[in-house]
Structures are given as C-alpha cells and as structure tokens.
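One file, entry-v3.cif, is given below (mmCIF, C-alpha atoms (C1' of nucleotides)).
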data_final
#
loop_
_atom_site.label_atom_id
_atom_site.label_comp_id
_atom_site.auth_asym_id
_atom_site.auth_seq_id
_atom_site.Cartn_x
_atom_site.Cartn_y
_atom_site.Cartn_z
CA MET H 1 -9.89 13.76 12.49
CA LYS H 2 -6.68 11.73 12.51
CA ILE H 3 -5.18 10.55 9.21
CA ALA H 4 -2.20 8.22 9.36
CA THR H 5 0.23 6.44 7.05
CA TYR H 6 2.09 3.26 7.97
CA ASN H 7 4.45 1.19 5.84
CA VAL H 8 3.83 -2.19 7.47
CA ASN H 9 6.53 -4.16 5.59
CA GLY H 10 4.35 -7.23 5.12
CA ILE H 11 0.83 -7.13 6.54
CA THR H 12 0.75 -10.88 7.22
CA SER H 13 3.58 -10.89 9.71
CA ARG H 14 2.74 -7.36 10.91
CA LEU H 15 -0.94 -7.96 11.68
CA PRO H 16 -0.51 -8.07 15.50
CA ARG H 17 1.44 -4.78 15.45
CA LEU H 18 -1.09 -3.19 13.11
CA LEU H 19 -4.16 -4.20 15.14
CA GLU H 20 -2.52 -3.09 18.38
CA TRP H 21 -1.66 0.30 16.88
CA LEU H 22 -5.16 0.79 15.37
CA GLU H 23 -6.66 0.16 18.79
CA GLU H 24 -4.30 2.59 20.55
CA ALA H 25 -4.06 5.37 17.99
CA ARG H 26 -7.60 5.04 16.60
CA PRO H 27 -6.90 6.86 13.32
CA ASP H 28 -10.04 7.75 11.40
CA ILE H 29 -8.20 6.99 8.17
CA ALA H 30 -5.10 4.77 7.94
CA CYS H 31 -3.17 4.35 4.69
CA LEU H 32 -0.93 1.29 4.53
CA GLN H 33 1.97 0.43 2.23
CA GLU H 34 4.08 -2.64 1.49
CA LEU H 35 1.30 -5.14 2.10
CA LYS H 36 3.41 -7.80 0.30
CA THR H 37 0.36 -9.94 -0.21
CA SER H 38 -2.22 -10.63 -2.92
CA ASP H 39 -5.77 -9.26 -2.97
CA GLU H 40 -7.05 -12.72 -2.02
CA THR H 41 -4.84 -13.07 1.05
CA PHE H 42 -5.35 -9.58 2.52
CA PRO H 43 -6.59 -10.00 6.14
CA GLY H 44 -9.87 -8.17 5.50
CA ALA H 45 -11.84 -9.96 8.22
CA ALA H 46 -9.35 -9.04 10.97
CA ILE H 47 -9.32 -5.41 9.81
CA GLU H 48 -13.11 -5.32 9.79
CA ALA H 49 -13.26 -6.92 13.24
CA ALA H 50 -11.02 -4.08 14.45
CA GLY H 51 -13.71 -1.62 13.36
CA TYR H 52 -12.40 -0.56 9.94
CA ARG H 53 -13.77 -0.65 6.45
CA ALA H 54 -10.99 -1.18 3.94
CA ILE H 55 -10.06 -1.15 0.29
CA TRP H 56 -6.76 -2.57 -0.91
CA HIS H 57 -4.66 -3.13 -3.98
CA GLY H 58 -2.41 -6.10 -3.31
CA GLN H 59 0.42 -7.80 -5.15
CA LYS H 60 1.97 -11.16 -4.34
CA GLY H 61 5.24 -10.73 -2.50
CA PHE H 62 5.83 -7.01 -3.14
CA ASN H 63 4.32 -3.55 -2.92
CA GLY H 64 0.61 -3.27 -2.11
CA VAL H 65 -1.40 -0.36 -0.65
CA ALA H 66 -4.61 -0.05 1.38
CA VAL H 67 -6.95 2.57 2.83
CA LEU H 68 -8.68 1.81 6.16
CA VAL H 69 -11.58 3.91 7.47
CA ARG H 70 -13.19 3.89 10.91
CA GLY H 71 -16.72 5.13 11.51
CA GLY H 72 -17.73 5.78 7.92
CA GLU H 73 -17.82 4.65 4.33
CA VAL H 74 -14.82 4.40 2.03
CA THR H 75 -15.26 4.92 -1.70
CA GLU H 76 -12.54 4.00 -4.13
CA ARG H 77 -11.71 6.78 -6.61
CA ARG H 78 -8.65 5.44 -8.38
CA ARG H 79 -6.49 2.32 -8.39
CA GLY H 80 -3.06 2.97 -9.91
CA LEU H 81 -1.71 6.19 -11.44
CA PRO H 82 -2.64 7.21 -14.97
CA GLY H 83 0.06 7.46 -17.61
CA ASP H 84 1.40 3.91 -18.02
CA PRO H 85 -1.01 1.02 -18.67
CA ASP H 86 1.93 -1.41 -18.58
CA ASP H 87 2.84 -0.56 -14.97
CA THR H 88 2.02 -3.68 -12.94
CA HIS H 89 3.11 -2.43 -9.50
CA SER H 90 0.45 -1.84 -6.82
CA ARG H 91 1.55 1.55 -5.52
CA TYR H 92 -1.36 3.99 -5.61
CA LEU H 93 -4.87 3.80 -4.19
CA GLU H 94 -7.13 6.87 -3.94
CA ALA H 95 -10.30 7.04 -1.88
CA ALA H 96 -12.97 9.37 -0.52
CA ALA H 97 -13.95 9.10 3.14
CA HIS H 98 -15.06 11.42 5.95
CA GLY H 99 -15.39 14.30 3.49
CA VAL H 100 -11.77 14.18 2.32
CA VAL H 101 -9.88 12.65 -0.58
CA VAL H 102 -6.90 10.56 0.46
CA ALA H 103 -4.29 8.61 -1.50
CA SER H 104 -2.10 5.82 -0.15
CA ILE H 105 1.23 6.10 -1.97
CA TYR H 106 4.19 3.74 -2.17
CA LEU H 107 6.72 5.53 -4.34
CA PRO H 108 9.41 3.26 -5.83
CA ASN H 109 12.62 2.97 -3.84
CA GLY H 110 14.88 3.35 -6.89
CA ASN H 111 17.99 1.53 -5.74
CA PRO H 112 20.43 0.74 -7.07
CA GLN H 113 21.09 4.00 -8.85
CA PRO H 114 21.85 4.71 -11.54
CA GLY H 115 19.92 1.99 -13.31
CA PRO H 116 16.48 0.89 -14.51
CA LYS H 117 14.99 0.93 -11.01
CA PHE H 118 16.02 4.53 -10.50
CA ASP H 119 14.62 5.40 -13.95
CA TYR H 120 11.33 3.77 -12.94
CA LYS H 121 11.28 5.77 -9.72
CA LEU H 122 11.67 9.07 -11.55
CA LYS H 123 9.09 8.17 -14.20
CA TRP H 124 6.62 7.10 -11.53
CA PHE H 125 7.29 10.37 -9.69
CA GLU H 126 6.47 12.33 -12.87
CA ARG H 127 3.17 10.47 -13.19
CA LEU H 128 2.39 11.30 -9.56
CA ILE H 129 3.22 14.98 -10.14
CA GLU H 130 0.92 15.11 -13.17
CA HIS H 131 -1.93 13.49 -11.30
CA ALA H 132 -1.38 15.56 -8.15
CA ALA H 133 -1.76 18.70 -10.28
CA THR H 134 -5.37 17.68 -10.90
CA LEU H 135 -6.04 17.36 -7.14
CA VAL H 136 -4.21 20.23 -5.47
CA GLY H 137 -6.76 22.90 -6.43
CA SER H 138 -9.75 20.98 -5.15
CA ASP H 139 -12.14 22.83 -2.82
CA GLN H 140 -12.30 19.61 -0.86
CA PRO H 141 -9.45 18.56 1.49
CA VAL H 142 -7.00 16.26 -0.29
CA LEU H 143 -4.16 14.35 1.38
CA LEU H 144 -1.41 12.46 -0.45
CA VAL H 145 0.17 10.25 2.19
CA GLY H 146 2.60 7.39 2.19
CA ASP H 147 6.15 6.18 1.78
CA TYR H 148 7.71 8.59 -0.71
CA ASN H 149 11.20 7.09 -0.50
CA VAL H 150 12.66 10.61 -0.54
CA VAL H 151 14.67 12.28 2.24
CA PRO H 152 13.78 15.90 1.44
CA THR H 153 16.98 17.58 2.72
CA ASP H 154 20.27 16.88 4.49
CA SER H 155 18.87 18.60 7.60
CA VAL H 156 18.95 16.70 10.89
CA GLU H 157 15.18 17.01 10.76
CA ASP H 158 15.24 14.59 7.83
CA ILE H 159 18.29 12.36 8.35
CA TYR H 160 20.71 11.53 11.18
CA SER H 161 23.72 11.76 8.87
CA PRO H 162 23.66 12.03 5.09
CA ALA H 163 27.26 10.90 4.54
CA SER H 164 26.69 7.16 4.34
CA TRP H 165 23.54 7.60 2.26
CA ARG H 166 25.02 10.01 -0.28
CA ARG H 167 24.81 7.62 -3.24
CA ASP H 168 21.44 6.20 -2.20
CA ALA H 169 18.40 6.79 -4.43
CA LEU H 170 16.57 8.42 -1.48
CA LEU H 171 18.97 11.38 -1.41
CA GLN H 172 19.68 11.89 -5.10
CA PRO H 173 19.26 15.43 -6.48
CA GLU H 174 16.79 14.09 -9.08
CA SER H 175 14.60 12.54 -6.34
CA ARG H 176 14.70 15.72 -4.28
CA GLU H 177 14.02 17.95 -7.26
CA ALA H 178 10.91 15.92 -8.07
CA TRP H 179 9.81 16.15 -4.43
CA ARG H 180 10.24 19.93 -4.41
CA ARG H 181 8.33 20.23 -7.67
CA LEU H 182 5.46 18.19 -6.23
CA VAL H 183 5.31 20.16 -2.97
CA GLY H 184 5.68 23.37 -4.97
CA GLN H 185 2.32 22.81 -6.61
CA GLY H 186 0.86 24.04 -3.34
CA TRP H 187 1.04 21.09 -0.96
CA THR H 188 1.86 21.41 2.74
CA ASP H 189 4.31 18.89 4.21
CA ALA H 190 2.46 18.36 7.51
CA LEU H 191 5.32 16.99 9.58
CA HIS H 192 7.69 19.69 8.36
CA ARG H 193 5.15 22.45 8.95
CA LEU H 194 4.67 21.48 12.57
CA HIS H 195 8.30 20.53 13.16
CA ASP H 196 9.27 21.65 16.67
CA GLY H 197 13.05 21.25 16.41
CA THR H 198 13.19 17.56 17.24
CA PRO H 199 13.94 15.04 14.48
CA THR H 200 10.85 13.63 12.80
CA TYR H 201 12.24 10.36 11.48
CA THR H 202 9.80 7.75 10.23
CA PHE H 203 12.15 4.93 9.22
CA TRP H 204 15.08 3.19 10.94
CA ASP H 205 16.95 0.34 9.26
CA TYR H 206 16.72 -3.01 11.04
CA PHE H 207 20.46 -3.45 11.28
CA ARG H 208 23.35 -1.70 12.97
CA ASN H 209 21.18 -0.88 15.93
CA ARG H 210 19.76 2.05 14.01
CA PHE H 211 16.60 2.53 16.06
CA ALA H 212 18.35 2.44 19.43
CA ARG H 213 20.79 5.04 18.08
CA ASP H 214 17.92 7.08 16.59
CA ALA H 215 19.73 6.87 13.26
CA GLY H 216 16.61 7.46 11.20
CA LEU H 217 15.31 8.97 8.00
CA ARG H 218 12.18 11.00 7.26
CA ILE H 219 10.66 9.34 4.19
CA ASP H 220 6.97 8.89 5.07
CA HIS H 221 5.10 12.09 4.32
CA LEU H 222 1.63 13.63 4.49
CA LEU H 223 0.99 16.27 1.81
CA LEU H 224 -2.10 18.45 2.30
CA ASN H 225 -3.77 20.77 -0.20
CA ALA H 226 -4.87 24.20 1.04
CA PRO H 227 -8.32 23.24 2.37
CA ALA H 228 -6.73 20.37 4.32
CA ALA H 229 -3.77 22.47 5.52
CA ALA H 230 -6.18 25.13 6.81
CA ARG H 231 -7.48 22.50 9.25
CA LEU H 232 -4.08 21.07 10.25
CA SER H 233 -3.63 21.19 14.03
CA ALA H 234 -1.02 18.54 14.85
CA ALA H 235 1.27 15.95 13.30
CA GLY H 236 3.58 13.30 14.66
CA VAL H 237 5.27 9.92 14.51
CA ASP H 238 4.28 6.97 16.70
CA ARG H 239 7.88 6.02 17.43
CA THR H 240 7.09 3.57 20.21
CA VAL H 241 5.56 1.23 17.62
CA ARG H 242 8.99 0.93 15.97
CA GLY H 243 10.53 -0.18 19.27
CA ARG H 244 8.22 -3.13 19.84
CA ASP H 245 8.69 -6.83 19.14
CA LYS H 246 8.77 -7.75 15.45
CA PRO H 247 8.22 -4.18 14.20
CA SER H 248 8.10 -2.77 10.71
CA ASP H 249 11.19 -0.72 9.88
CA HIS H 250 8.79 2.28 9.50
CA ALA H 251 6.73 3.96 12.22
CA PRO H 252 3.12 5.16 11.80
CA THR H 253 2.99 8.86 10.94
CA TRP H 254 -0.11 11.02 11.30
CA ALA H 255 -1.77 14.41 11.04
CA LEU H 256 -4.79 15.87 12.85
CA LEU H 257 -7.36 17.98 11.02
CA ASP H 258 -9.80 20.06 13.04
"C1'" DA K 1 32.80 -0.84 2.13
"C1'" DT K 2 29.14 -3.73 3.17
"C1'" DG K 3 21.71 -5.39 3.13
"C1'" DC K 4 25.10 -5.94 8.79
"C1'" DC K 5 18.21 -7.42 9.25
"C1'" DT K 6 13.64 -8.86 7.75
"C1'" DG K 7 9.70 -10.56 4.87
"C1'" DT K 8 8.21 -13.36 1.03
"C1'" DC K 9 8.04 -17.32 -1.65
"C1'" DT K 10 9.51 -21.53 -1.07
"C1'" DG K 11 11.10 -25.63 0.54
"C1'" DG K 12 17.35 -23.06 0.49
"C1'" DG K 13 18.50 -19.50 -1.27
"C1'" DA K 14 17.29 -15.61 -4.08
"C1'" DC K 15 15.25 -11.25 -4.23
"C1'" DA K 16 13.60 -6.93 -2.49
"C1'" DG K 17 13.65 -3.45 0.64
"C1'" DA K 18 16.10 1.76 1.81
#
Represent the structure from my file as structure tokens, please.
Amino acid sequence: MKIATYNVNGITSRLPRLLEWLEEARPDIACLQELKTSDETFPGAAIEAAGYRAIWHGQKGFNGVAVLVRGGEVTERRRGLPGDPDDTHSRYLEAAAHGVVVASIYLPNGNPQPGPKFDYKLKWFERLIEHAATLVGSDQPVLLVGDYNVVPTDSVEDIYSPASWRRDALLQPESREAWRRLVGQGWTDALHRLHDGTPTYTFWDYFRNRFARDAGLRIDHLLLNAPAAARLSAAGVDRTVRGRDKPSDHAPTWALLD
DNA sequence: ATGCCTGTCTGGGACAGA
C-alpha cells in the first residue's frame, strides 16, 4: 500500500499536475495540503473521476487539507486539532481508510520570526504533539503525513546549505526541538529511516533556479507509529513532478507499507 | 541582503508562502 503526501500550492491551478501524478503514481492514499480554496470550490468531481474518494477541509485563499483514497472507503475521524476552538485555519484532517489511520497535516510556516506567526506555529505544534500522543500507541497503523515546515537537521540529507536559512522559522531551535519531541514519542520518520545517502529534499523554492541546482529542503514528512513502521518497505520523493510545467514548489513524497 | 517566483483574490496590488 502506497501512502503519499503532496503540498499542491493551490489545487485549482495544480489540478492537471495532480491528476497526472495520481494516474502515474497510483497512491492508495494521498494527503494534500495548501488547497487554497473553499469547501465549495474543491474539485471533487475531477478527483472522483480519477478514481478517488475524498474528504477535504478547505479555506478560501489559504491553507486547506484533503485525504484522497483509491479502491476503498474513507471515513473522517477528526477535522482540526483539539485545544483551541478559536483556531480558524484548515490544517488538520484525520481519516480511516484501508485499515490505517492517516492525518493530512499542514503545520504553520511561522515566518517571520520572532513574532506572532512564529508563536502560532509553536502553539499549533504543541497541540499536534498532545494529540499525537493519543495515537502513537494504537494497535492499528497510524501515519501523520504532510508539510511540517521543519527542516529536522543541518545535514545535507535535509538541506542543501543551512547558512542562508539560519534565521528562518523552518530551522529555528524551537521548531526542531518540537519536531524531536514529537518523533520521540515513538514515531518513525519514513524518509529518514530509508535514507540511502542521497538527499531527500521535498521542497525547492521557485526562484534562484533552486530546483535545477537541487537546492532543496526536506520539510514534508511521513511519521509512522510502530505497527505502521513494522510494515515499511520503501519511501521516496517523486522529484520529476517538481520539474514539470507549472509545478508546485513541493514534490509528492510517499511510503510503501507491505 | 533580498520573496528574486507563484497562487489567490481581485480587478492592481497586497498578502502569503518557506
């Protein structure tokens, strides 16, 4: 079973790229982020015509997450994280499908830092950590996948060069400490676990020729609890999708469970 | 040193993204 995450950076303009990738990669479950569209304008008919059932949590102009499932039912378990009823951002959608629990996560970017946006990022991260603690011990496979907006380390596995990103919210010690605390609950970072020595970037900025130079960051992650990790057989990044016409700045990232 | 591109909403320019 293939489970993928893809920050589409606007599903309306990205629909051709998305449909093309779904057809090629045929993920059984695909979690999307940055829909940038409302619930009413989500292209549900096109997704269904491509062979996927879907649930989504949209927001006009910003954010927005979805879970797409091929060849089975999808049941919504949770829409939004607990812990702040005043949070209006669409950033968390949790579902059950194909015998696993999966969450599509769009963690706040947090720039500029310091500032209120960075504070929001850290608070949202704490809410995720609290909720994840209730899932990690499940006997059922659980996968928390999405755009975490955290570069875990300065390693070349995670970033081409940390120097110019040093003050960015994605590399801050507070962001990385929260990431380590989350993973430390007992989650397996699938891409890192199966890292073969080559960089596993998932994002390349649109400007400065960053993709052609492979000047990327690893910020899209798949976290697996123990029952899911026991079945993990492969993981990767569909980099060619990033090199196509009118791409998202992220590439689809996936894991295979036996 | 710097949103240098891109998408969205809108109707031209601001805002957000990372």
Chain K contacts to chain H at 6 Å (only C-alpha atoms (C1' of nucleotides)) as a list in words: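 Only these qualify: DC4, DC5 and DT8 of chain K.
The two atoms in question, atom CA of Ala230 of chain H and atom CA of Leu93 of chain H, are spaced 24.0 Å apart.
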Residues within 10 Å of Leu15 of chain H, please, as a ChimeraX atom specification. Count all atoms listed in the file; anything in the same chain fewer than 5 positions from it doesn't count. /H:8,10,20-21,43,46-47
Evaluate the PyMOL selection byres ((chain H and resi 123) around 12) on the structure here and hand back the selected residues as an mmCIF file with C-alpha atoms, in the coordinates of the input.
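Once written, expr_10.cif looks like this:
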data_model
loop_
_atom_site.group_PDB
_atom_site.id
_atom_site.type_symbol
_atom_site.label_atom_id
_atom_site.label_comp_id
_atom_site.auth_asym_id
_atom_site.auth_seq_id
_atom_site.Cartn_x
_atom_site.Cartn_y
_atom_site.Cartn_z
ATOM 1 C CA LEU H 81 -1.710 6.190 -11.440
ATOM 2 C CA PRO H 82 -2.640 7.210 -14.970
ATOM 3 C CA GLY H 83 0.060 7.460 -17.610
ATOM 4 C CA ASP H 84 1.400 3.910 -18.020
ATOM 5 C CA ASP H 87 2.840 -0.560 -14.970
ATOM 6 C CA LEU H 107 6.720 5.530 -4.340
ATOM 7 C CA PRO H 108 9.410 3.260 -5.830
ATOM 8 C CA GLY H 110 14.880 3.350 -6.890
ATOM 9 C CA PRO H 116 16.480 0.890 -14.510
ATOM 10 C CA LYS H 117 14.990 0.930 -11.010
ATOM 11 C CA PHE H 118 16.020 4.530 -10.500
ATOM 12 C CA ASP H 119 14.620 5.400 -13.950
ATOM 13 C CA TYR H 120 11.330 3.770 -12.940
ATOM 14 C CA LYS H 121 11.280 5.770 -9.720
ATOM 15 C CA LEU H 122 11.670 9.070 -11.550
ATOM 16 C CA TRP H 124 6.620 7.100 -11.530
ATOM 17 C CA PHE H 125 7.290 10.370 -9.690
ATOM 18 C CA GLU H 126 6.470 12.330 -12.870
ATOM 19 C CA ARG H 127 3.170 10.470 -13.190
ATOM 20 C CA LEU H 128 2.390 11.300 -9.560
ATOM 21 C CA ILE H 129 3.220 14.980 -10.140
ATOM 22 C CA GLU H 130 0.920 15.110 -13.170
ATOM 23 C CA GLU H 174 16.790 14.090 -9.080
ATOM 24 C CA SER H 175 14.600 12.540 -6.340
ATOM 25 C CA ALA H 178 10.910 15.920 -8.070
#
Residues matched by the PyMOL selection byres ((chain H and resi 194) around 9) as a list in words: Asp189, Ala190, Leu191, His192, Arg193, His195, Asp196, Ser233, Ala234, Ala235 and Gly236 of chain H
Atom CA of Leu35 of chain H and atom CA of Gly58 of chain H are how many Å apart?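 A separation of 6.6 Å between them.
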Can you spell out as a count of residues only the set of residues that the PyMOL selection byres ((chain H and resi 52) around 12) selects in the structure I just provided? 31
Nearest to DA18 of chain K by atom-to-atom distance, counting all atoms listed in the file, from H:Thr240, H:Ser138, H:Gln59, H:Gln113: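 Result for the nearest residue to DA18 of chain K: H:Gln113.
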Just the number, please: distance in Å from atom C1' of DA16 of chain K to atom CA of Val183 of chain H, one decimal. 28.3 Å
Could you tell me which of H:Asp158, H:Tyr6, H:Pro16, H:Gly216 comes closest to Asp245 of chain H if we count only C-alpha atoms? H:Pro16
Given all atoms listed in the file as the counted atoms, nearest of H:Lys2, H:Arg181, H:Arg166, H:His221 to Ser104 of chain H: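 Ranking H:Lys2, H:Arg181, H:Arg166, H:His221 by distance to Ser104 of chain H, first place goes to H:His221.
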Nearest candidate to Arg167 of chain H (options H:Thr198, H:Gln185, H:Arg180, H:Pro114; using all atoms listed in the file): H:Pro114
